[in-house]
$ cat upload-v3.csv   # CSV, C-alpha atoms
chain,number,residue,atom,x,y,z
A,1,MET,CA,7.3,-2.9,-14.2
A,2,LYS,CA,4.1,-4.7,-15.4
A,3,LYS,CA,4.4,-7.5,-12.8
A,4,ASP,CA,6.0,-8.5,-9.5
A,5,ILE,CA,9.7,-9.1,-9.7
A,6,ARG,CA,11.1,-11.5,-7.1
A,7,LEU,CA,14.8,-12.4,-7.2
A,8,SER,CA,17.0,-14.8,-5.2
A,9,GLY,CA,18.0,-14.3,-1.6
A,10,THR,CA,14.7,-14.9,0.1
A,11,MET,CA,13.2,-17.4,2.5
A,12,GLU,CA,9.4,-17.0,2.6
A,13,ARG,CA,6.6,-18.6,4.7
A,14,VAL,CA,3.2,-17.7,3.3
A,15,VAL,CA,-0.4,-18.6,4.1
A,16,ARG,CA,-3.1,-17.9,1.4
A,17,ALA,CA,-6.8,-17.6,1.7
A,18,SER,CA,-7.8,-19.8,-1.2
A,19,ALA,CA,-6.5,-22.8,-3.1
A,20,ALA,CA,-7.7,-21.1,-6.3
A,21,ASP,CA,-4.7,-18.6,-6.1
A,22,ALA,CA,-2.5,-20.0,-8.9
A,23,ARG,CA,0.5,-17.6,-8.7
A,24,ASP,CA,3.7,-19.7,-8.9
A,25,TRP,CA,5.3,-18.4,-5.8
A,26,LEU,CA,2.1,-19.2,-3.7
A,27,ALA,CA,1.7,-22.7,-5.1
A,28,GLU,CA,3.1,-24.5,-2.2
A,29,ALA,CA,1.7,-22.2,0.5
A,30,PRO,CA,-0.8,-23.8,2.9
A,31,VAL,CA,-4.4,-22.6,2.7
A,32,CYS,CA,-6.5,-20.9,5.4
A,33,PRO,CA,-10.1,-20.1,4.2
A,34,SER,CA,-10.8,-18.0,7.3
A,35,LEU,CA,-8.4,-15.3,5.9
A,36,ALA,CA,-11.0,-14.6,3.2
A,37,GLN,CA,-13.6,-13.7,5.9
A,38,HIS,CA,-11.5,-10.6,6.5
A,39,GLY,CA,-10.9,-9.8,2.9
A,40,ILE,CA,-7.3,-11.1,3.2
A,41,THR,CA,-5.7,-12.9,0.2
A,42,HIS,CA,-2.5,-13.9,1.8
A,43,VAL,CA,-0.1,-13.2,4.7
A,44,GLY,CA,3.6,-14.0,5.0
A,45,LEU,CA,6.9,-13.8,6.6
A,46,ALA,CA,10.2,-13.4,4.8
A,47,ASP,CA,13.9,-13.1,5.6
A,48,VAL,CA,15.4,-11.5,2.5
A,49,THR,CA,18.8,-10.3,1.2
A,50,HIS,CA,20.0,-8.4,-1.9
A,51,PRO,CA,19.0,-8.6,-4.8
A,52,TYR,CA,15.4,-9.2,-3.6
A,53,VAL,CA,13.0,-6.6,-5.1
A,54,VAL,CA,9.3,-6.3,-5.7
A,55,ARG,CA,7.6,-3.7,-7.8
A,56,ARG,CA,3.8,-3.3,-8.3
A,57,PRO,CA,2.7,-0.4,-10.6
A,58,ASP,CA,-1.0,-0.8,-9.7
A,59,LEU,CA,-1.5,-2.5,-6.4
A,60,SER,CA,-4.8,-4.5,-6.4
A,61,GLY,CA,-5.6,-4.2,-2.7
A,62,THR,CA,-4.3,-2.7,0.6
A,63,PHE,CA,-0.9,-4.0,1.6
A,64,ILE,CA,0.6,-3.8,5.1
A,65,MET,CA,4.2,-4.7,5.7
A,66,VAL,CA,6.1,-4.6,9.0
A,67,CYS,CA,9.9,-4.8,9.6
A,68,THR,CA,10.9,-6.9,12.6
A,69,GLY,CA,14.7,-6.8,12.0
A,70,GLY,CA,17.4,-5.6,9.7
A,71,GLU,CA,17.0,-2.9,7.0
A,72,GLY,CA,15.5,-2.6,3.6
A,73,ARG,CA,14.1,0.2,1.3
A,74,ILE,CA,10.7,1.2,0.2
A,75,TRP,CA,9.8,3.6,-2.6
A,76,LEU,CA,8.1,6.6,-1.0
A,77,GLU,CA,7.6,10.2,-2.2
A,78,GLY,CA,9.9,9.7,-5.2
A,79,THR,CA,12.9,8.2,-3.4
A,80,TRP,CA,14.1,4.9,-1.9
A,81,GLN,CA,13.7,5.4,1.9
A,82,PRO,CA,15.1,3.1,4.6
A,83,MET,CA,12.8,0.9,6.6
A,84,HIS,CA,14.1,-0.4,9.9
A,85,ALA,CA,12.8,-2.7,12.7
A,86,GLY,CA,9.9,-1.0,14.5
A,87,GLN,CA,8.5,0.5,11.4
A,88,ALA,CA,5.6,-0.4,9.1
A,89,CYS,CA,4.4,0.7,5.7
A,90,LEU,CA,0.9,0.8,4.3
A,91,ALA,CA,0.1,0.9,0.6
A,92,PRO,CA,-3.5,1.5,-0.4
A,93,PRO,CA,-5.2,0.1,-3.5
A,94,HIS,CA,-3.9,1.3,-6.9
A,95,ALA,CA,-0.8,2.8,-5.4
A,96,PHE,CA,2.7,2.4,-7.0
A,97,HIS,CA,4.4,0.1,-4.5
A,98,ALA,CA,8.0,-1.1,-4.5
A,99,TYR,CA,10.4,-2.4,-1.9
A,100,LYS,CA,13.8,-4.1,-1.9
A,101,ALA,CA,16.7,-5.5,0.1
A,102,VAL,CA,20.0,-3.7,0.2
A,103,PRO,CA,23.5,-5.1,-0.2
A,104,ARG,CA,25.2,-6.7,2.9
A,105,LYS,CA,22.1,-6.4,5.0
A,106,SER,CA,19.4,-8.9,5.9
A,107,TRP,CA,15.8,-7.8,6.2
A,108,HIS,CA,13.0,-9.5,8.2
A,109,ILE,CA,9.5,-8.6,7.1
A,110,ALA,CA,5.9,-9.7,7.6
A,111,TRP,CA,2.9,-8.7,5.5
A,112,VAL,CA,-0.9,-8.8,5.1
A,113,ARG,CA,-2.3,-8.5,1.7
A,114,TYR,CA,-6.0,-7.4,1.3
A,115,GLN,CA,-8.1,-7.6,-1.8
A,116,GLU,CA,-10.6,-5.0,-2.8
A,117,GLN,CA,-14.2,-6.2,-2.2
A,118,GLU,CA,-17.1,-4.8,-4.2
A,119,GLY,CA,-19.6,-2.9,-2.0
A,120,ALA,CA,-17.3,-3.0,1.1
A,121,LEU,CA,-15.7,0.0,2.7
A,122,PRO,CA,-11.9,0.1,2.1
A,123,LEU,CA,-9.6,-0.7,5.0
A,124,VAL,CA,-8.1,2.8,4.9
A,125,ASN,CA,-9.2,6.2,3.8
A,126,THR,CA,-5.8,7.3,2.4
A,127,ARG,CA,-4.8,7.0,-1.2
A,128,ALA,CA,-1.1,7.4,-0.7
A,129,GLN,CA,1.6,5.2,0.8
A,130,VAL,CA,2.6,5.7,4.4
A,131,LEU,CA,5.8,4.7,6.4
A,132,THR,CA,5.6,5.2,10.1
A,133,ASP,CA,6.8,3.7,13.5
A,134,PHE,CA,4.9,0.6,14.5
A,135,ASP,CA,6.0,-2.5,16.6
A,136,GLY,CA,5.0,-5.3,14.2
A,137,ALA,CA,6.4,-8.1,16.4
A,138,ALA,CA,2.9,-9.2,17.5
A,139,LEU,CA,1.6,-9.2,13.9
A,140,ALA,CA,4.5,-11.2,12.7
A,141,ALA,CA,4.1,-13.7,15.6
A,142,ALA,CA,0.4,-14.2,14.7
A,143,ILE,CA,1.3,-14.8,11.1
A,144,GLY,CA,3.9,-17.4,12.2
A,145,GLY,CA,1.3,-19.1,14.4
A,146,LEU,CA,-1.1,-19.3,11.6
A,147,TYR,CA,1.5,-20.7,9.3
A,148,SER,CA,2.4,-23.4,11.8
A,149,GLU,CA,-1.2,-24.4,12.4
A,150,ALA,CA,-2.1,-24.4,8.7
A,151,SER,CA,1.0,-26.6,8.0
A,152,ARG,CA,0.2,-29.2,10.7
A,153,THR,CA,-3.2,-30.2,12.0
A,154,ALA,CA,-5.1,-27.2,10.4
A,155,SER,CA,-7.7,-27.0,13.1
A,156,PRO,CA,-10.4,-24.6,11.8
A,157,ALA,CA,-11.0,-23.2,15.3
A,158,ALA,CA,-7.3,-22.5,15.9
A,159,MET,CA,-6.9,-21.0,12.5
A,160,ASN,CA,-9.9,-18.7,13.1
A,161,LEU,CA,-8.2,-17.5,16.3
A,162,TRP,CA,-4.9,-16.7,14.5
A,163,THR,CA,-6.7,-14.9,11.6
A,164,ASP,CA,-8.7,-12.8,14.1
A,165,LEU,CA,-5.4,-11.8,15.8
A,166,ILE,CA,-3.8,-10.9,12.4
A,167,GLN,CA,-6.9,-8.8,11.5
A,168,HIS,CA,-6.8,-7.1,15.0
A,169,TYR,CA,-3.1,-6.1,14.7
A,170,ALA,CA,-3.5,-5.0,11.0
A,171,ARG,CA,-6.5,-2.8,11.9
A,172,THR,CA,-4.6,-1.4,14.9
A,173,PHE,CA,-1.9,-0.2,12.6
A,174,ALA,CA,-4.3,1.1,10.0
A,175,GLU,CA,-6.6,2.9,12.5
A,176,PRO,CA,-5.1,6.4,12.1
A,177,TRP,CA,-6.0,6.2,8.4
A,178,ARG,CA,-9.6,5.0,9.1
A,179,THR,CA,-11.1,7.4,11.6
A,180,ASP,CA,-12.1,10.8,10.2
A,181,ASP,CA,-15.1,10.7,7.9
A,182,ARG,CA,-14.7,14.4,7.0
A,183,LEU,CA,-11.4,13.7,5.4
A,184,ARG,CA,-12.8,10.6,3.7
A,185,GLU,CA,-15.5,12.7,2.0
A,186,VAL,CA,-13.1,15.4,1.0
A,187,TRP,CA,-10.7,13.1,-0.7
A,188,GLN,CA,-13.5,11.1,-2.3
A,189,ALA,CA,-14.7,14.3,-3.9
A,190,VAL,CA,-11.2,15.2,-5.1
A,191,VAL,CA,-10.7,11.8,-6.6
A,192,GLY,CA,-14.0,12.1,-8.4
A,193,ASP,CA,-12.8,15.2,-10.2
A,194,LEU,CA,-9.0,15.5,-10.2
A,195,SER,CA,-9.1,17.8,-13.2
A,196,ALA,CA,-10.7,20.5,-11.1
A,197,ASN,CA,-8.9,23.3,-9.2
A,198,TRP,CA,-8.6,22.3,-5.5
A,199,PRO,CA,-7.1,25.2,-3.5
A,200,LEU,CA,-6.8,24.7,0.2
A,201,SER,CA,-9.7,27.0,0.9
A,202,ARG,CA,-12.0,24.9,-1.2
A,203,LEU,CA,-10.9,21.7,0.5
A,204,ALA,CA,-11.4,23.2,3.9
A,205,ALA,CA,-14.9,24.5,3.0
A,206,LEU,CA,-15.8,21.0,1.8
A,207,ALA,CA,-14.6,19.5,5.1
A,208,GLY,CA,-16.5,22.2,7.1
A,209,MET,CA,-13.4,23.4,9.0
A,210,SER,CA,-10.7,26.0,8.9
A,211,THR,CA,-7.7,25.7,6.6
A,212,LYS,CA,-5.4,25.4,9.6
A,213,HIS,CA,-7.5,22.6,11.1
A,214,LEU,CA,-7.6,20.7,7.8
A,215,THR,CA,-3.8,21.0,7.5
A,216,ARG,CA,-3.3,19.7,11.0
A,217,LEU,CA,-5.7,16.7,10.4
A,218,CYS,CA,-3.9,15.8,7.2
A,219,HIS,CA,-0.5,15.9,9.0
A,220,GLN,CA,-1.9,13.7,11.7
A,221,SER,CA,-3.5,11.1,9.4
A,222,LEU,CA,-1.4,11.3,6.3
A,223,GLY,CA,1.9,12.8,7.3
A,224,ARG,CA,1.7,15.4,4.6
A,225,THR,CA,-0.1,18.7,3.7
A,226,PRO,CA,-3.4,18.8,1.7
A,227,ALA,CA,-1.5,20.1,-1.3
A,228,GLN,CA,1.1,17.3,-1.1
A,229,HIS,CA,-1.6,14.7,-0.8
A,230,LEU,CA,-3.5,16.2,-3.8
A,231,THR,CA,-0.3,15.8,-5.8
A,232,CYS,CA,0.0,12.2,-4.7
A,233,LEU,CA,-3.6,11.4,-5.7
A,234,ARG,CA,-3.1,13.0,-9.1
A,235,VAL,CA,0.2,11.1,-9.8
A,236,GLN,CA,-1.4,7.8,-8.5
A,237,GLN,CA,-4.3,8.1,-10.9
A,238,ALA,CA,-2.1,9.1,-13.8
A,239,ALA,CA,0.0,6.0,-13.1
A,240,HIS,CA,-3.1,3.8,-13.0
A,241,LEU,CA,-4.2,5.3,-16.4
A,242,LEU,CA,-0.8,4.8,-17.9
A,243,THR,CA,-0.8,1.1,-17.1
A,244,THR,CA,-4.5,0.4,-17.9
A,245,THR,CA,-5.2,2.6,-21.0
A,246,THR,CA,-3.7,3.7,-24.2
A,247,ASP,CA,-4.6,7.3,-23.7
A,248,LYS,CA,-1.9,9.8,-24.7
A,249,VAL,CA,0.2,11.2,-21.9
A,250,GLU,CA,-1.0,14.7,-22.6
A,251,ALA,CA,-4.7,13.6,-22.3
A,252,ILE,CA,-3.9,11.8,-19.0
A,253,ALA,CA,-2.1,14.9,-17.7
A,254,HIS,CA,-5.3,17.0,-18.4
A,255,GLU,CA,-7.5,14.4,-16.8
A,256,VAL,CA,-5.7,14.5,-13.5
A,257,GLY,CA,-5.5,18.3,-13.4
A,258,TYR,CA,-2.2,19.4,-15.1
A,259,HIS,CA,-2.5,21.9,-18.0
A,260,SER,CA,1.3,21.9,-18.5
A,261,LEU,CA,2.8,18.6,-19.9
A,262,PHE,CA,6.2,19.7,-18.6
A,263,THR,CA,4.9,20.3,-15.1
A,264,PHE,CA,3.1,17.0,-15.1
A,265,SER,CA,6.1,15.1,-16.4
A,266,HIS,CA,8.4,16.7,-13.8
A,267,THR,CA,6.0,16.1,-10.9
A,268,PHE,CA,5.4,12.5,-12.0
A,269,LYS,CA,9.1,11.7,-12.2
A,270,LYS,CA,9.7,13.3,-8.7
A,271,ILE,CA,7.1,10.9,-7.2
A,272,THR,CA,7.7,7.7,-9.2
A,273,GLY,CA,11.3,8.0,-10.2
A,274,CYS,CA,10.6,7.9,-14.0
A,275,ARG,CA,8.9,10.0,-16.6
A,276,PRO,CA,5.3,9.0,-17.7
A,277,SER,CA,6.5,7.4,-21.0
A,278,GLU,CA,9.1,5.4,-19.2
A,279,TYR,CA,6.6,4.3,-16.6
A,280,ARG,CA,4.2,3.0,-19.3
A,281,ARG,CA,7.0,1.0,-20.9
$ encode --input "upload-v3.csv" --output "structure tokens"
Amino acid sequence: MKKDIRLSGTMERVVRASAADARDWLAEAPVCPSLAQHGITHVGLADVTHPYVVRRPDLSGTFIMVCTGGEGRIWLEGTWQPMHAGQACLAPPHAFHAYKAVPRKSWHIAWVRYQEQEGALPLVNTRAQVLTDFDGAALAAAIGGLYSEASRTASPAAMNLWTDLIQHYARTFAEPWRTDDRLREVWQAVVGDLSANWPLSRLAALAGMSTKHLTRLCHQSLGRTPAQHLTCLRVQQAAHLLTTTTDKVEAIAHEVGYHSLFTFSHTFKKITGCRPSEYRR
């Protein structure tokens, strides 16, 4: 689980932002420098079948993926959940992110991969993965148009138009997780001190609203309660520390707010599918 895993059964069309990207599976992809103006590293379309699977323990930037046909699975809230046509998922930076094709079913997907930029505001405010309804046909069509242009005449003006469209549709999908600065400030404070006690009343006071209103906003923007989102943030940070440090599991548990190693291990397995020691391996 330390790197991407890509298996047979896939046909991909990818456009990358820079010729400097040396990853093997991107080597033959055409280059479009205007993608980098939006902080995008690459975009792509793929028709995949089993046993195609990708796992990223520590996503380096925001990842948006839409399904335009068929069915696959994404790892969400501790289980493999189905993703159908008319749905899209959003994975923020440093989230555990995984998706796969399923036997006897094709899966048609398109994606936009952003890179974190120092000093720039993130694309989204959420720190947990989201799966929701979204018609991604227009986004997929824009990616297909860019691929066609980059593979032929590569007109800079035309490629700028396609990349602007891709950015427009990606931001349209991401908008619900961008809008409320009060929630941004609350979760930034929480992430800055995950070891602290964060009851609902304290979160609401920090946001300057009632507990009921905070819960309603969280449901609207994140699809979960404040307590559930707090758990996701703690597990996400623990996963990041497990893959980037040699700290003991017990120390990591305390750092993200768990005083019981058993509770931490049980919660971590519920969200990620494996125990902390297994995840580190």
$ atom_distance --input "upload-v3.csv" --atom1 "atom CA of Ala110 of chain A" --atom2 "atom CA of Ser155 of chain A"
22.7 Å
$ residues_around --input "upload-v3.csv" --residues "Val31 of chain A" --least-positions-apart "3" --cutoff "10 Å" --atoms "all atoms listed in the file" --output "mmCIF file with C-alpha atoms, keeping the file's coordinate frame"
data_model
loop_
_atom_site.group_PDB
_atom_site.id
_atom_site.type_symbol
_atom_site.label_atom_id
_atom_site.label_comp_id
_atom_site.auth_asym_id
_atom_site.auth_seq_id
_atom_site.Cartn_x
_atom_site.Cartn_y
_atom_site.Cartn_z
ATOM 1 C CA VAL A 14 3.200 -17.700 3.300
ATOM 2 C CA VAL A 15 -0.400 -18.600 4.100
ATOM 3 C CA ARG A 16 -3.100 -17.900 1.400
ATOM 4 C CA ALA A 17 -6.800 -17.600 1.700
ATOM 5 C CA SER A 18 -7.800 -19.800 -1.200
ATOM 6 C CA ALA A 19 -6.500 -22.800 -3.100
ATOM 7 C CA ALA A 20 -7.700 -21.100 -6.300
ATOM 8 C CA ASP A 21 -4.700 -18.600 -6.100
ATOM 9 C CA LEU A 26 2.100 -19.200 -3.700
ATOM 10 C CA ALA A 27 1.700 -22.700 -5.100
ATOM 11 C CA GLU A 28 3.100 -24.500 -2.200
ATOM 12 C CA SER A 34 -10.800 -18.000 7.300
ATOM 13 C CA LEU A 35 -8.400 -15.300 5.900
ATOM 14 C CA HIS A 42 -2.500 -13.900 1.800
ATOM 15 C CA TYR A 147 1.500 -20.700 9.300
ATOM 16 C CA ALA A 150 -2.100 -24.400 8.700
ATOM 17 C CA SER A 151 1.000 -26.600 8.000
ATOM 18 C CA ALA A 154 -5.100 -27.200 10.400
#
$ atom_distance --input "upload-v3.csv" --atom1 "atom CA of Ala207 of chain A" --atom2 "atom CA of Cys89 of chain A"
26.7 Å
$ closest_residue --input "upload-v3.csv" --among "A:His97, A:Leu214, A:Leu233, A:Val112" --to "Gln188 of chain A" --atoms "all atoms listed in the file"
A:Leu233
$ residues_near_point --input "upload-v3.csv" --point "(3.7, 0.5, 2.5)" --cutoff "8 Å" --atoms "only C-alpha atoms" --output "ChimeraX atom specification"
/A:63-65,74,88-92,97,129-131
$ residues_near_point --input "upload-v3.csv" --point "(3.1, -8.6, 16.7)" --cutoff "10 Å" --atoms "only C-alpha atoms" --output "number ranges by chain"
A: 66, 68, 110, 134-144, 165-166, 169-170
$ closest_residue --input "upload-v3.csv" --among "A:Ser277, A:Thr225, A:Arg13, A:His84" --to "Glu250 of chain A" --atoms "only C-alpha atoms"
A:Ser277
$ residues_around --input "upload-v3.csv" --residues "Pro276 of chain A" --least-positions-apart "2" --cutoff "12 Å" --atoms "only C-alpha atoms" --output "PyMOL selection string"
chain A and resi 235-243+247-253+261-274+278-281
$ atom_distance --input "upload-v3.csv" --atom1 "atom CA of Gly69 of chain A" --atom2 "atom CA of Ala158 of chain A"
27.3 Å
$ closest_residue --input "upload-v3.csv" --among "A:Met209, A:Val54, A:Leu59, A:Ala189" --to "Tyr114 of chain A" --atoms "only C-alpha atoms"
A:Leu59
$ residues_around --input "upload-v3.csv" --residues "Ser106 of chain A" --least-positions-apart "5" --cutoff "9 Å" --atoms "only C-alpha atoms" --output "JSON, numbers by chain"
{"A": [47, 48, 49, 50, 69, 70, 71, 72, 101]}
$ closest_residue --input "upload-v3.csv" --among "A:Ala98, A:Ala205, A:Cys32, A:Val190" --to "Thr231 of chain A" --atoms "all atoms listed in the file"
A:Val190
$ decode --input "upload-v3.csv" --residues "segment 221-256 of chain A" --atoms "N, CA and C atoms" --output "PDB file, in the first residue's frame"
ATOM      1  N   SER A 221     -22.646  19.978   3.713  1.00  0.00           N
ATOM      2  CA  SER A 221     -21.371  20.135   3.017  1.00  0.00           C
ATOM      3  C   SER A 221     -20.500  18.887   3.045  1.00  0.00           C
ATOM      4  N   LEU A 222     -20.674  18.041   4.058  1.00  0.00           N
ATOM      5  CA  LEU A 222     -19.794  16.885   4.215  1.00  0.00           C
ATOM      6  C   LEU A 222     -20.510  15.546   4.158  1.00  0.00           C
ATOM      7  N   GLY A 223     -21.838  15.577   4.359  1.00  0.00           N
ATOM      8  CA  GLY A 223     -22.588  14.332   4.364  1.00  0.00           C
ATOM      9  C   GLY A 223     -22.423  13.517   5.621  1.00  0.00           C
ATOM     10  N   ARG A 224     -21.991  14.160   6.723  1.00  0.00           N
ATOM     11  CA  ARG A 224     -21.788  13.455   7.985  1.00  0.00           C
ATOM     12  C   ARG A 224     -21.936  14.431   9.145  1.00  0.00           C
ATOM     13  N   THR A 225     -22.048  13.895  10.354  1.00  0.00           N
ATOM     14  CA  THR A 225     -22.153  14.737  11.541  1.00  0.00           C
ATOM     15  C   THR A 225     -20.781  15.291  11.904  1.00  0.00           C
ATOM     16  N   PRO A 226     -20.728  16.345  12.744  1.00  0.00           N
ATOM     17  CA  PRO A 226     -19.426  16.849  13.196  1.00  0.00           C
ATOM     18  C   PRO A 226     -18.589  15.778  13.882  1.00  0.00           C
ATOM     19  N   ALA A 227     -19.225  14.941  14.690  1.00  0.00           N
ATOM     20  CA  ALA A 227     -18.479  13.885  15.388  1.00  0.00           C
ATOM     21  C   ALA A 227     -17.897  12.886  14.396  1.00  0.00           C
ATOM     22  N   GLN A 228     -18.664  12.522  13.394  1.00  0.00           N
ATOM     23  CA  GLN A 228     -18.171  11.587  12.380  1.00  0.00           C
ATOM     24  C   GLN A 228     -17.017  12.198  11.592  1.00  0.00           C
ATOM     25  N   HIS A 229     -17.119  13.497  11.297  1.00  0.00           N
ATOM     26  CA  HIS A 229     -16.048  14.144  10.548  1.00  0.00           C
ATOM     27  C   HIS A 229     -14.782  14.253  11.406  1.00  0.00           C
ATOM     28  N   LEU A 230     -14.946  14.524  12.694  1.00  0.00           N
ATOM     29  CA  LEU A 230     -13.802  14.566  13.599  1.00  0.00           C
ATOM     30  C   LEU A 230     -13.075  13.222  13.597  1.00  0.00           C
ATOM     31  N   THR A 231     -13.828  12.133  13.631  1.00  0.00           N
ATOM     32  CA  THR A 231     -13.226  10.805  13.577  1.00  0.00           C
ATOM     33  C   THR A 231     -12.458  10.607  12.277  1.00  0.00           C
ATOM     34  N   CYS A 232     -13.042  11.033  11.160  1.00  0.00           N
ATOM     35  CA  CYS A 232     -12.364  10.902   9.862  1.00  0.00           C
ATOM     36  C   CYS A 232     -11.059  11.690   9.847  1.00  0.00           C
ATOM     37  N   LEU A 233     -11.067  12.887  10.401  1.00  0.00           N
ATOM     38  CA  LEU A 233      -9.857  13.709  10.437  1.00  0.00           C
ATOM     39  C   LEU A 233      -8.770  13.043  11.274  1.00  0.00           C
ATOM     40  N   ARG A 234      -9.162  12.480  12.414  1.00  0.00           N
ATOM     41  CA  ARG A 234      -8.187  11.835  13.290  1.00  0.00           C
ATOM     42  C   ARG A 234      -7.576  10.603  12.631  1.00  0.00           C
ATOM     43  N   VAL A 235      -8.402   9.793  11.999  1.00  0.00           N
ATOM     44  CA  VAL A 235      -7.902   8.594  11.335  1.00  0.00           C
ATOM     45  C   VAL A 235      -7.034   8.972  10.138  1.00  0.00           C
ATOM     46  N   GLN A 236      -7.446  10.004   9.411  1.00  0.00           N
ATOM     47  CA  GLN A 236      -6.659  10.438   8.257  1.00  0.00           C
ATOM     48  C   GLN A 236      -5.271  10.904   8.668  1.00  0.00           C
ATOM     49  N   GLN A 237      -5.200  11.692   9.739  1.00  0.00           N
ATOM     50  CA  GLN A 237      -3.892  12.152  10.210  1.00  0.00           C
ATOM     51  C   GLN A 237      -3.061  10.989  10.738  1.00  0.00           C
ATOM     52  N   ALA A 238      -3.702  10.054  11.409  1.00  0.00           N
ATOM     53  CA  ALA A 238      -2.983   8.869  11.895  1.00  0.00           C
ATOM     54  C   ALA A 238      -2.414   8.076  10.725  1.00  0.00           C
ATOM     55  N   ALA A 239      -3.198   7.911   9.663  1.00  0.00           N
ATOM     56  CA  ALA A 239      -2.723   7.196   8.484  1.00  0.00           C
ATOM     57  C   ALA A 239      -1.521   7.903   7.870  1.00  0.00           C
ATOM     58  N   HIS A 240      -1.579   9.233   7.833  1.00  0.00           N
ATOM     59  CA  HIS A 240      -0.454  10.009   7.293  1.00  0.00           C
ATOM     60  C   HIS A 240       0.802   9.787   8.137  1.00  0.00           C
ATOM     61  N   LEU A 241       0.658   9.802   9.464  1.00  0.00           N
ATOM     62  CA  LEU A 241       1.809   9.616  10.347  1.00  0.00           C
ATOM     63  C   LEU A 241       2.362   8.193  10.257  1.00  0.00           C
ATOM     64  N   LEU A 242       1.480   7.220  10.077  1.00  0.00           N
ATOM     65  CA  LEU A 242       1.921   5.829   9.967  1.00  0.00           C
ATOM     66  C   LEU A 242       2.779   5.605   8.728  1.00  0.00           C
ATOM     67  N   THR A 243       2.491   6.349   7.650  1.00  0.00           N
ATOM     68  CA  THR A 243       3.227   6.148   6.410  1.00  0.00           C
ATOM     69  C   THR A 243       4.420   7.080   6.254  1.00  0.00           C
ATOM     70  N   THR A 244       4.526   8.102   7.104  1.00  0.00           N
ATOM     71  CA  THR A 244       5.603   9.085   6.927  1.00  0.00           C
ATOM     72  C   THR A 244       6.537   9.189   8.124  1.00  0.00           C
ATOM     73  N   THR A 245       6.226   8.494   9.229  1.00  0.00           N
ATOM     74  CA  THR A 245       7.092   8.541  10.408  1.00  0.00           C
ATOM     75  C   THR A 245       7.332   7.125  10.922  1.00  0.00           C
ATOM     76  N   THR A 246       8.242   7.021  11.857  1.00  0.00           N
ATOM     77  CA  THR A 246       8.490   5.737  12.534  1.00  0.00           C
ATOM     78  C   THR A 246       7.967   5.765  13.971  1.00  0.00           C
ATOM     79  N   ASP A 247       7.133   6.751  14.286  1.00  0.00           N
ATOM     80  CA  ASP A 247       6.562   6.855  15.631  1.00  0.00           C
ATOM     81  C   ASP A 247       5.783   5.591  15.991  1.00  0.00           C
ATOM     82  N   LYS A 248       5.794   5.241  17.264  1.00  0.00           N
ATOM     83  CA  LYS A 248       5.044   4.081  17.720  1.00  0.00           C
ATOM     84  C   LYS A 248       3.546   4.325  17.559  1.00  0.00           C
ATOM     85  N   VAL A 249       2.812   3.247  17.347  1.00  0.00           N
ATOM     86  CA  VAL A 249       1.371   3.356  17.139  1.00  0.00           C
ATOM     87  C   VAL A 249       0.696   4.028  18.330  1.00  0.00           C
ATOM     88  N   GLU A 250       1.128   3.694  19.536  1.00  0.00           N
ATOM     89  CA  GLU A 250       0.525   4.292  20.733  1.00  0.00           C
ATOM     90  C   GLU A 250       0.746   5.805  20.761  1.00  0.00           C
ATOM     91  N   ALA A 251       1.942   6.249  20.368  1.00  0.00           N
ATOM     92  CA  ALA A 251       2.228   7.686  20.342  1.00  0.00           C
ATOM     93  C   ALA A 251       1.364   8.393  19.315  1.00  0.00           C
ATOM     94  N   ILE A 252       1.167   7.764  18.173  1.00  0.00           N
ATOM     95  CA  ILE A 252       0.324   8.346  17.127  1.00  0.00           C
ATOM     96  C   ILE A 252      -1.123   8.430  17.607  1.00  0.00           C
ATOM     97  N   ALA A 253      -1.573   7.385  18.292  1.00  0.00           N
ATOM     98  CA  ALA A 253      -2.939   7.391  18.826  1.00  0.00           C
ATOM     99  C   ALA A 253      -3.145   8.585  19.753  1.00  0.00           C
ATOM    100  N   HIS A 254      -2.205   8.833  20.650  1.00  0.00           N
ATOM    101  CA  HIS A 254      -2.314   9.971  21.568  1.00  0.00           C
ATOM    102  C   HIS A 254      -2.269  11.295  20.803  1.00  0.00           C
ATOM    103  N   GLU A 255      -1.447  11.357  19.777  1.00  0.00           N
ATOM    104  CA  GLU A 255      -1.296  12.608  19.021  1.00  0.00           C
ATOM    105  C   GLU A 255      -2.582  13.003  18.309  1.00  0.00           C
ATOM    106  N   VAL A 256      -3.393  12.007  17.921  1.00  0.00           N
ATOM    107  CA  VAL A 256      -4.635  12.338  17.217  1.00  0.00           C
ATOM    108  C   VAL A 256      -5.861  12.245  18.125  1.00  0.00           C
TER     109      VAL A 256
END
